[in-house]
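Dropping target.cif in here (mmCIF, N, CA and C atoms):
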data_protein
loop_
_atom_site.label_atom_id
_atom_site.label_comp_id
_atom_site.auth_asym_id
_atom_site.auth_seq_id
_atom_site.Cartn_x
_atom_site.Cartn_y
_atom_site.Cartn_z
N MET Z 1 0.82 -1.19 0.00
CA MET Z 1 0.00 0.00 0.00
C MET Z 1 0.86 1.26 0.00
N VAL Z 2 1.87 1.28 0.85
CA VAL Z 2 2.74 2.45 0.92
C VAL Z 2 3.56 2.57 -0.37
N LEU Z 3 4.03 1.44 -0.90
CA LEU Z 3 4.81 1.49 -2.14
C LEU Z 3 3.96 1.96 -3.31
N ALA Z 4 2.69 1.59 -3.33
CA ALA Z 4 1.80 2.05 -4.40
C ALA Z 4 1.63 3.56 -4.33
N LEU Z 5 1.51 4.09 -3.12
CA LEU Z 5 1.38 5.53 -2.94
C LEU Z 5 2.65 6.26 -3.37
N ILE Z 6 3.79 5.71 -2.99
CA ILE Z 6 5.07 6.31 -3.37
C ILE Z 6 5.24 6.29 -4.89
N ASN Z 7 4.85 5.19 -5.53
CA ASN Z 7 4.96 5.10 -6.98
C ASN Z 7 4.06 6.12 -7.68
N LYS Z 8 2.86 6.35 -7.13
CA LYS Z 8 1.96 7.35 -7.70
C LYS Z 8 2.53 8.76 -7.54
N ILE Z 9 3.14 9.02 -6.40
CA ILE Z 9 3.76 10.33 -6.18
C ILE Z 9 4.93 10.53 -7.14
N LEU Z 10 5.74 9.50 -7.34
CA LEU Z 10 6.86 9.60 -8.27
C LEU Z 10 6.38 9.80 -9.70
N LEU Z 11 5.28 9.16 -10.07
CA LEU Z 11 4.71 9.35 -11.40
C LEU Z 11 4.20 10.78 -11.56
N LEU Z 12 3.57 11.33 -10.54
CA LEU Z 12 3.10 12.71 -10.58
C LEU Z 12 4.28 13.67 -10.72
N ILE Z 13 5.35 13.45 -9.98
CA ILE Z 13 6.54 14.29 -10.09
C ILE Z 13 7.14 14.19 -11.49
N PHE Z 14 7.13 13.00 -12.06
CA PHE Z 14 7.64 12.80 -13.41
C PHE Z 14 6.83 13.60 -14.43
N VAL Z 15 5.52 13.55 -14.33
CA VAL Z 15 4.65 14.29 -15.25
C VAL Z 15 4.86 15.80 -15.07
N LEU Z 16 4.94 16.27 -13.83
CA LEU Z 16 5.17 17.70 -13.59
C LEU Z 16 6.54 18.14 -14.11
N SER Z 17 7.53 17.27 -14.04
CA SER Z 17 8.85 17.58 -14.57
C SER Z 17 8.80 17.74 -16.09
N ILE Z 18 8.06 16.87 -16.75
CA ILE Z 18 7.91 16.96 -18.20
C ILE Z 18 7.20 18.26 -18.58
N ILE Z 19 6.13 18.60 -17.84
CA ILE Z 19 5.41 19.84 -18.13
C ILE Z 19 6.30 21.06 -17.92
N ASN Z 20 7.10 21.07 -16.86
CA ASN Z 20 8.00 22.18 -16.61
C ASN Z 20 9.05 22.31 -17.71
N THR Z 21 9.58 21.21 -18.17
CA THR Z 21 10.58 21.23 -19.24
C THR Z 21 9.97 21.74 -20.54
N ILE Z 22 8.78 21.27 -20.87
CA ILE Z 22 8.10 21.72 -22.10
C ILE Z 22 7.80 23.21 -22.01
N LYS Z 23 7.37 23.69 -20.85
CA LYS Z 23 7.08 25.11 -20.66
C LYS Z 23 8.32 25.97 -20.93
N ASN Z 24 9.46 25.56 -20.39
CA ASN Z 24 10.68 26.33 -20.58
C ASN Z 24 11.16 26.28 -22.02
N ILE Z 25 11.01 25.14 -22.68
CA ILE Z 25 11.41 25.04 -24.09
C ILE Z 25 10.52 25.93 -24.95
N LEU Z 26 9.21 25.94 -24.69
CA LEU Z 26 8.31 26.79 -25.46
C LEU Z 26 8.59 28.27 -25.23
N GLN Z 27 8.89 28.65 -23.98
CA GLN Z 27 9.25 30.04 -23.70
C GLN Z 27 10.51 30.44 -24.45
N LEU Z 28 11.48 29.54 -24.52
CA LEU Z 28 12.72 29.82 -25.25
C LEU Z 28 12.44 29.99 -26.74
N ILE Z 29 11.62 29.13 -27.32
CA ILE Z 29 11.29 29.23 -28.74
C ILE Z 29 10.55 30.53 -29.03
N ILE Z 30 9.58 30.87 -28.19
CA ILE Z 30 8.83 32.12 -28.39
C ILE Z 30 9.75 33.32 -28.25
N PHE Z 31 10.65 33.29 -27.30
CA PHE Z 31 11.58 34.41 -27.11
C PHE Z 31 12.47 34.58 -28.34
N TRP Z 32 12.99 33.47 -28.88
CA TRP Z 32 13.84 33.57 -30.06
C TRP Z 32 13.07 34.06 -31.28
N ALA Z 33 11.79 33.72 -31.38
CA ALA Z 33 10.99 34.12 -32.54
C ALA Z 33 10.60 35.59 -32.46
N VAL Z 34 10.36 36.11 -31.27
CA VAL Z 34 9.83 37.46 -31.12
C VAL Z 34 10.93 38.48 -30.85
N GLU Z 35 11.80 38.18 -29.92
CA GLU Z 35 12.79 39.16 -29.48
C GLU Z 35 14.20 38.71 -29.86
N SER Z 36 15.08 39.68 -29.85
CA SER Z 36 16.49 39.36 -30.04
C SER Z 36 17.23 39.74 -28.77
N GLY Z 37 18.28 39.07 -28.49
CA GLY Z 37 19.04 39.32 -27.28
C GLY Z 37 19.18 38.07 -26.46
N LYS Z 38 19.44 38.26 -25.17
CA LYS Z 38 19.66 37.12 -24.29
C LYS Z 38 18.35 36.65 -23.67
N TYR Z 39 18.22 35.34 -23.57
CA TYR Z 39 17.08 34.73 -22.88
C TYR Z 39 17.39 34.74 -21.40
N ARG Z 40 16.59 35.43 -20.63
CA ARG Z 40 16.84 35.54 -19.20
C ARG Z 40 15.92 34.60 -18.43
N ILE Z 41 16.52 33.91 -17.48
CA ILE Z 41 15.78 32.98 -16.64
C ILE Z 41 16.30 33.16 -15.21
N SER Z 42 15.38 33.19 -14.26
CA SER Z 42 15.78 33.44 -12.87
C SER Z 42 16.52 32.22 -12.30
N SER Z 43 17.18 32.44 -11.19
CA SER Z 43 17.93 31.34 -10.60
C SER Z 43 17.00 30.24 -10.08
N ARG Z 44 15.81 30.62 -9.62
CA ARG Z 44 14.83 29.62 -9.18
C ARG Z 44 14.36 28.78 -10.35
N GLU Z 45 14.06 29.42 -11.47
CA GLU Z 45 13.63 28.68 -12.66
C GLU Z 45 14.74 27.80 -13.20
N THR Z 46 15.98 28.28 -13.14
CA THR Z 46 17.11 27.48 -13.56
C THR Z 46 17.25 26.24 -12.69
N PHE Z 47 17.10 26.42 -11.39
CA PHE Z 47 17.19 25.29 -10.46
C PHE Z 47 16.08 24.28 -10.73
N LEU Z 48 14.84 24.75 -10.92
CA LEU Z 48 13.73 23.84 -11.17
C LEU Z 48 13.87 23.13 -12.51
N LEU Z 49 14.38 23.83 -13.53
CA LEU Z 49 14.60 23.20 -14.82
C LEU Z 49 15.68 22.13 -14.73
N GLY Z 50 16.75 22.41 -14.04
CA GLY Z 50 17.81 21.41 -13.85
C GLY Z 50 17.32 20.22 -13.06
N LEU Z 51 16.52 20.47 -12.03
CA LEU Z 51 15.96 19.39 -11.24
C LEU Z 51 15.01 18.54 -12.08
N SER Z 52 14.20 19.19 -12.90
CA SER Z 52 13.27 18.47 -13.77
C SER Z 52 14.01 17.61 -14.78
N LEU Z 53 15.02 18.18 -15.42
CA LEU Z 53 15.78 17.43 -16.42
C LEU Z 53 16.52 16.26 -15.79
N SER Z 54 17.08 16.47 -14.61
CA SER Z 54 17.80 15.37 -13.96
C SER Z 54 16.84 14.27 -13.53
N PHE Z 55 15.63 14.62 -13.08
CA PHE Z 55 14.66 13.60 -12.70
C PHE Z 55 14.17 12.83 -13.92
N ILE Z 56 13.96 13.54 -15.04
CA ILE Z 56 13.53 12.86 -16.27
C ILE Z 56 14.61 11.89 -16.75
N LEU Z 57 15.86 12.34 -16.78
CA LEU Z 57 16.95 11.47 -17.22
C LEU Z 57 17.14 10.27 -16.29
N ALA Z 58 17.08 10.51 -14.98
CA ALA Z 58 17.22 9.41 -14.03
C ALA Z 58 16.07 8.42 -14.15
N SER Z 59 14.88 8.93 -14.42
CA SER Z 59 13.72 8.05 -14.59
C SER Z 59 13.84 7.23 -15.87
N MET Z 60 14.37 7.83 -16.91
CA MET Z 60 14.55 7.11 -18.15
C MET Z 60 15.58 6.00 -18.00
N ILE Z 61 16.60 6.23 -17.21
CA ILE Z 61 17.67 5.25 -17.03
C ILE Z 61 17.25 4.13 -16.07
N SER Z 62 16.70 4.50 -14.93
CA SER Z 62 16.42 3.49 -13.91
C SER Z 62 14.96 3.12 -13.76
N GLY Z 63 14.07 3.88 -14.35
CA GLY Z 63 12.64 3.60 -14.19
C GLY Z 63 12.04 4.40 -13.06
N ILE Z 64 10.72 4.41 -13.01
CA ILE Z 64 10.04 5.24 -12.02
C ILE Z 64 9.73 4.46 -10.76
N LYS Z 65 9.50 3.19 -10.85
CA LYS Z 65 9.06 2.40 -9.69
C LYS Z 65 10.20 2.11 -8.72
N ILE Z 66 9.82 1.95 -7.47
CA ILE Z 66 10.78 1.60 -6.41
C ILE Z 66 10.96 0.10 -6.39
#
Please express the file's structure as structure tokens.
Amino acid sequence: MVLALINKILLLIFVLSIINTIKNILQLIIFWAVESGKYRISSRETFLLGLSLSFILASMISGIKI
């Protein structure tokens, strides 16, 4: 029962990580299409994007289940 709950939470985190990554990629594409210059991202967003990407890569390598 506890493992099933943990697996559901990990799956939810995985889906949220994918959504966060897609959001940042779309923002980058829109910025490049509309504006010229540097793409600015806050340190919090950088941290969350790195955390999301590392969780996605780790999940792809080892799987989501415990």
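Residues within 8 Å of range 21-25 of chain Z, counting all atoms listed in the file and excluding same-chain residues fewer than 5 positions away, are Val15, Leu16, Ile30, Phe31, Leu48, Leu49, Ser52 and Leu53 of chain Z.
Across the model, the gap from atom N of Met60 in chain Z to atom N of Leu10 in chain Z is 13.0 Å.
The smallest atom-to-atom distance between Leu11 in chain Z and any of Z:Phe55, Z:Gly50, Z:Ile61, Z:Ala33, using only C-alpha atoms, is found for Z:Phe55.
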Inset, instruction - Just list the residues in chain Z DSSP gives helix (DSSP H, G or I) on the backbone, as a PyMOL selection string. - result: chain Z and resi 2-34+43-62
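Our summary of the geometry notes that atom N of Leu57 in chain Z is positioned 11.6 Å from atom N of Ile19 in chain Z.
Across the structure, CA of Lys8 in chain Z and CA of Thr46 in chain Z are spaced 25.9 Å apart.
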Inset, instruction - Select, from Z:Ile13, Z:Ile41, Z:Ile29, Z:Leu3, the residue with the minimum atom-to-atom distance to Ser59 in chain Z, counting only C-alpha atoms. - result: Z:Ile13
Let me have the centre and edge lengths in Å, one decimal, of the box along x, y and z around every listed atom of range 1-6 of chain Z with 5 Å of margin on each side, as lines of an AutoDock Vina configuration file.
center_x = 2.6
center_y = 2.6
center_z = -2.0
size_x = 15.2
size_y = 17.5
size_z = 15.8
